[in-house]
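What's in model14.cif: mmCIF, C-alpha atoms
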data_upload
loop_
_atom_site.label_atom_id
_atom_site.label_comp_id
_atom_site.auth_asym_id
_atom_site.auth_seq_id
_atom_site.Cartn_x
_atom_site.Cartn_y
_atom_site.Cartn_z
CA MET A 25 -7.79 -30.11 -22.84
CA ALA A 26 -7.96 -33.28 -20.74
CA LYS A 27 -7.59 -33.10 -16.97
CA THR A 28 -4.17 -34.80 -17.03
CA ALA A 29 -2.99 -32.43 -19.75
CA ILE A 30 -3.98 -29.40 -17.66
CA VAL A 31 -2.12 -30.81 -14.65
CA ALA A 32 0.93 -31.50 -16.81
CA ALA A 33 0.84 -27.99 -18.30
CA THR A 34 0.60 -26.42 -14.84
CA LYS A 35 3.47 -28.59 -13.63
CA VAL A 36 5.64 -27.47 -16.54
CA ASP A 37 4.81 -23.77 -16.01
CA SER A 38 6.04 -23.91 -12.43
CA LYS A 39 9.43 -25.33 -13.50
CA ILE A 40 10.37 -22.51 -15.87
CA PHE A 41 12.26 -19.48 -14.59
CA VAL A 42 14.35 -16.65 -16.01
CA LEU A 43 18.13 -16.85 -15.82
CA ARG A 44 20.69 -14.77 -17.76
CA GLY A 45 17.80 -13.07 -19.51
CA GLN A 46 16.43 -16.36 -20.88
CA ARG A 47 13.58 -18.61 -19.83
CA VAL A 48 15.08 -21.93 -18.78
CA ILE A 49 14.26 -25.22 -17.08
CA LEU A 50 16.64 -27.21 -14.86
CA ASP A 51 18.00 -30.51 -16.14
CA ARG A 52 16.47 -32.43 -13.22
CA ASP A 53 13.02 -30.94 -13.90
CA LEU A 54 13.25 -31.65 -17.62
CA ALA A 55 14.41 -35.21 -16.94
CA GLU A 56 11.45 -35.71 -14.58
CA LEU A 57 9.03 -34.41 -17.21
CA TYR A 58 10.53 -36.63 -19.90
CA GLY A 59 10.56 -39.68 -17.61
CA VAL A 60 14.32 -40.26 -17.69
CA LYS A 61 17.14 -39.93 -15.19
CA VAL A 62 19.10 -36.68 -15.06
CA ARG A 63 22.28 -38.59 -15.84
CA GLN A 64 20.70 -40.03 -19.01
CA LEU A 65 19.46 -36.60 -20.16
CA ASN A 66 22.85 -34.94 -19.68
CA GLN A 67 24.65 -37.92 -21.21
CA GLN A 68 22.54 -37.69 -24.37
CA ALA A 69 23.16 -33.94 -24.52
CA LYS A 70 26.93 -34.51 -24.25
CA ARG A 71 26.86 -37.22 -26.92
CA ASN A 72 25.00 -34.83 -29.23
CA ALA A 73 26.99 -31.72 -28.29
CA LYS A 74 26.60 -30.20 -31.77
CA ARG A 75 22.84 -30.08 -31.22
CA PHE A 76 23.20 -28.22 -27.90
CA PRO A 77 25.06 -24.94 -28.37
CA PRO A 78 25.29 -22.60 -25.35
CA ALA A 79 22.10 -20.90 -26.52
CA PHE A 80 20.23 -24.21 -25.95
CA ARG A 81 21.93 -25.58 -22.84
CA PHE A 82 24.42 -24.15 -20.36
CA GLN A 83 25.81 -24.99 -16.95
CA LEU A 84 25.03 -22.83 -13.93
CA SER A 85 27.82 -20.87 -12.27
CA PRO A 86 28.45 -21.38 -8.53
CA HIS A 87 26.90 -17.96 -7.86
CA GLU A 88 23.74 -18.83 -9.81
CA LEU A 89 23.51 -22.15 -7.97
CA LYS A 90 23.76 -20.30 -4.65
CA ILE A 91 20.95 -17.94 -5.69
CA LEU A 92 18.72 -20.84 -6.80
CA ARG A 93 19.38 -22.64 -3.52
CA SER A 94 18.37 -19.54 -1.58
CA GLN A 95 15.13 -19.42 -3.58
CA ASN A 96 14.46 -23.12 -2.81
CA VAL A 97 14.58 -24.08 -6.48
CA ILE A 98 17.44 -26.46 -5.67
CA SER A 99 17.73 -28.25 -2.34
CA SER A 100 20.81 -27.64 -0.22
CA GLU A 101 23.74 -30.08 -0.18
CA GLY A 102 22.98 -31.21 3.36
CA HIS A 103 19.51 -32.39 2.30
CA GLY A 104 20.43 -34.56 -0.66
CA GLY A 105 20.94 -31.66 -3.07
CA VAL A 106 23.06 -31.64 -6.20
CA ARG A 107 26.76 -32.29 -5.94
CA TYR A 108 27.60 -30.78 -9.31
CA LEU A 109 26.68 -27.61 -11.15
CA PRO A 110 23.42 -28.44 -12.93
CA TYR A 111 22.62 -27.62 -16.53
CA VAL A 112 19.63 -25.62 -17.69
CA PHE A 113 17.84 -25.95 -21.00
CA THR A 114 16.25 -23.11 -22.93
CA GLU A 115 13.04 -23.61 -24.90
CA HIS A 116 14.94 -24.79 -27.96
CA GLY A 117 17.21 -26.97 -25.84
CA ALA A 118 14.19 -28.68 -24.28
CA ILE A 119 12.81 -29.48 -27.72
CA MET A 120 16.20 -30.75 -28.87
CA ALA A 121 16.44 -32.94 -25.76
CA ALA A 122 13.12 -34.57 -26.69
CA THR A 123 14.49 -35.42 -30.13
CA VAL A 124 17.74 -36.97 -28.87
CA LEU A 125 15.99 -38.94 -26.12
CA ASN A 126 13.56 -40.29 -28.69
CA SER A 127 11.20 -41.80 -26.14
CA GLU A 128 7.42 -41.70 -26.47
CA ARG A 129 7.00 -39.77 -23.20
CA ALA A 130 9.71 -37.23 -24.11
CA ILE A 131 7.99 -36.48 -27.40
CA GLU A 132 4.59 -36.20 -25.68
CA MET A 133 5.85 -33.94 -22.91
CA SER A 134 7.88 -31.73 -25.26
CA VAL A 135 4.58 -30.33 -26.53
CA PHE A 136 3.67 -29.23 -23.00
CA VAL A 137 7.13 -27.77 -22.48
CA VAL A 138 6.88 -25.71 -25.67
CA LEU A 139 3.38 -24.53 -24.76
CA ALA A 140 4.58 -23.51 -21.30
CA PHE A 141 7.40 -21.43 -22.81
CA VAL A 142 4.92 -19.83 -25.23
CA ARG A 143 2.53 -18.97 -22.34
CA MET A 144 5.39 -17.45 -20.41
CA ARG A 145 6.46 -15.38 -23.43
CA ARG A 146 2.90 -14.08 -23.84
CA ALA A 147 2.67 -13.22 -20.15
CA ILE A 148 5.92 -11.27 -20.31
CA ALA A 149 4.73 -9.45 -23.44
CA GLY A 150 1.47 -8.64 -21.64
CA ASN A 151 3.44 -7.29 -18.69
CA ARG A 152 5.45 -5.07 -21.03
CA ASN A 153 2.22 -3.61 -22.42
CA ILE A 154 0.95 -2.97 -18.90
CA LEU A 155 4.25 -1.35 -17.92
CA THR A 156 4.19 0.99 -20.92
CA LYS A 157 0.58 1.98 -20.15
CA LEU A 158 1.54 2.65 -16.51
CA ALA A 159 4.43 4.83 -17.67
CA GLU A 160 2.04 6.81 -19.88
CA LEU A 161 -0.36 7.29 -16.96
CA GLU A 162 2.48 8.42 -14.70
CA HIS A 163 3.54 10.94 -17.30
CA ARG A 164 0.00 12.30 -17.59
CA LEU A 165 -0.44 12.44 -13.83
CA GLU A 166 2.75 14.42 -13.35
CA GLY A 167 1.09 17.38 -15.08
CA HIS A 168 -2.11 16.83 -13.14
CA ASP A 169 -0.25 16.82 -9.83
CA ALA A 170 0.86 20.42 -10.27
CA GLU A 171 -2.64 21.46 -11.32
CA ILE A 172 -4.23 19.65 -8.37
CA HIS A 173 -1.70 21.22 -5.99
CA ALA A 174 -2.52 24.72 -7.32
CA LEU A 175 -6.24 23.98 -7.01
CA MET A 176 -5.81 22.82 -3.39
CA GLU A 177 -3.87 25.99 -2.55
CA ALA A 178 -6.64 28.13 -4.04
CA ILE A 179 -9.26 26.24 -2.00
CA ARG A 180 -7.21 26.71 1.17
CA GLU A 181 -6.96 30.43 0.52
CA LEU A 182 -10.73 30.64 0.04
CA MET A 183 -11.35 28.68 3.22
CA THR A 184 -9.19 30.86 5.49
CA PRO A 185 -11.27 33.66 6.98
CA GLU A 186 -10.21 37.23 6.43
CA ALA A 187 -8.79 39.08 9.40
CA PRO A 188 -11.57 41.20 10.90
CA ASN A 189 -11.24 44.96 10.52
CA ARG A 190 -10.95 46.07 14.13
CA ARG A 191 -11.52 49.71 14.38
CA ARG A 192 -11.37 51.19 17.79
CA ILE A 193 -14.54 52.57 19.12
CA GLY A 194 -14.42 55.91 20.80
CA PHE A 195 -12.64 59.20 20.65
CA GLU A 196 -9.03 59.25 19.46
CA THR A 197 -6.77 62.08 20.46
CA PRO A 198 -4.07 63.33 18.18
CA GLU A 199 -1.50 61.76 20.50
CA ASP A 200 -3.12 58.32 19.96
CA GLU A 201 -2.52 58.48 16.24
CA GLY A 202 1.25 58.92 16.63
CA GLY A 203 1.67 55.50 18.15
CA GLU A 204 2.98 56.79 21.47
CA GLU A 205 2.21 55.32 24.83
CA VAL A 206 -0.85 56.98 26.23
CA LYS A 207 -2.60 56.75 29.54
CA ASP A 208 -6.13 55.49 29.27
CA ARG A 209 -8.96 56.86 31.37
CA ARG A 210 -8.02 54.63 34.28
CA GLY A 211 -4.51 56.00 34.31
CA GLN A 212 -2.80 52.85 32.95
CA LEU A 213 -0.23 53.00 30.19
CA ARG A 214 -1.18 51.44 26.93
CA LYS A 215 0.29 51.40 23.46
CA SER A 216 -1.80 52.98 20.74
CA LYS A 217 -1.87 51.78 17.14
#

Any chance you could put this one into structure tokens?
Amino acid sequence: MAKTAIVAATKVDSKIFVLRGQRVILDRDLAELYGVKVRQLNQQAKRNAKRFPPAFRFQLSPHELKILRSQNVISSEGHGGVRYLPYVFTEHGAIMAATVLNSERAIEMSVFVVLAFVRMRRAIAGNRNILTKLAELEHRLEGHDAEIHALMEAIRELMTPEAPNRRRIGFETPEDEGGEEVKDRRGQLRKSK
């Protein structure tokens, strides 16, 4: 791939995001890639409305616009941002836009747009595989956690020293064995075992 093609592909990848469960690109970003004005892109889409069902192109809601502004995808109104609710194009909508614009650059860039959507689809599929493998590992480790915990308890029990057997040295009187208080040889009271 040529250097300019790699730069173009990277540029396209950064413009795609997920919205309403679909991978989409903003109308202003698609217009920039195709080398046309946003007004011209949306005008052609309106003129060819039958080619752009809601599955190909839809307008953002005010809430979605607010979220995209907070993520710095769209600049705020005070800084020259959009004054209308922008449209977004899905993968198929981006291809259809290239056909209705019918400019050399739009056709050339549509290839990069399609490839970017394909790369994103593969990455998401790869993430799903990773997530399923992680779930399997978690499931396996749950059983191991109990076994490891039991093993650690057994090791702790082995590590704790036994209480020493303290037998008293000396003569024990029958009174000592009853557990009564007895005077020792110095005349002090003590409690026998």

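Of note, atom CA of A:Gly59 and atom CA of A:Tyr111 are spaced 17.1 Å apart.
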
### Message
Starting from the PyMOL selection byres ((chain A and resi 60) around 12), expand the selection into actual residues of this file and give them as number ranges by chain.
### Response
A: 51-59, 61-68, 121-122, 125-130, 133

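Shortest separation to A:Thr114 among A:Val48, A:Leu139, A:Ala178, A:Leu158 occurs at residue A:Val48, atoms counted being all atoms listed in the file.
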
### Summary
Across A:Leu161, A:Val112, A:Met176, A:Ala69, the smallest distance to A:Phe82, with only C-alpha atoms counted, is shown by A:Val112

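Ranking A:Gln46, A:Gly150, A:Glu132, A:Arg143 by their shortest atom-to-atom distance to A:Pro78, with all atoms listed in the file included, puts A:Gln46 first.
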
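Once the PyMOL selection byres ((chain A and resi 79) around 9) is applied to this file, the selection holds Phe76, Pro77, Pro78, Phe80, Arg81, Phe82, Phe113, Thr114, His116 and Gly117 of chain A.
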
### Atomic separation - atom CA of A:Ser38 relative to atom CA of A:Lys70, Å
26.2 Å

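The result of the PyMOL selection byres ((chain A and resi 47) around 9) on the shown file is Ile40, Phe41, Val42, Leu43, Arg44, Gly45, Gln46, Val48, Ile49, Phe113, Thr114, Glu115, Phe141, Met144 and Arg145 of chain A.
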
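A straight line drawn from atom CA of A:Leu109 to atom CA of A:Ile91 is 12.5 Å long.
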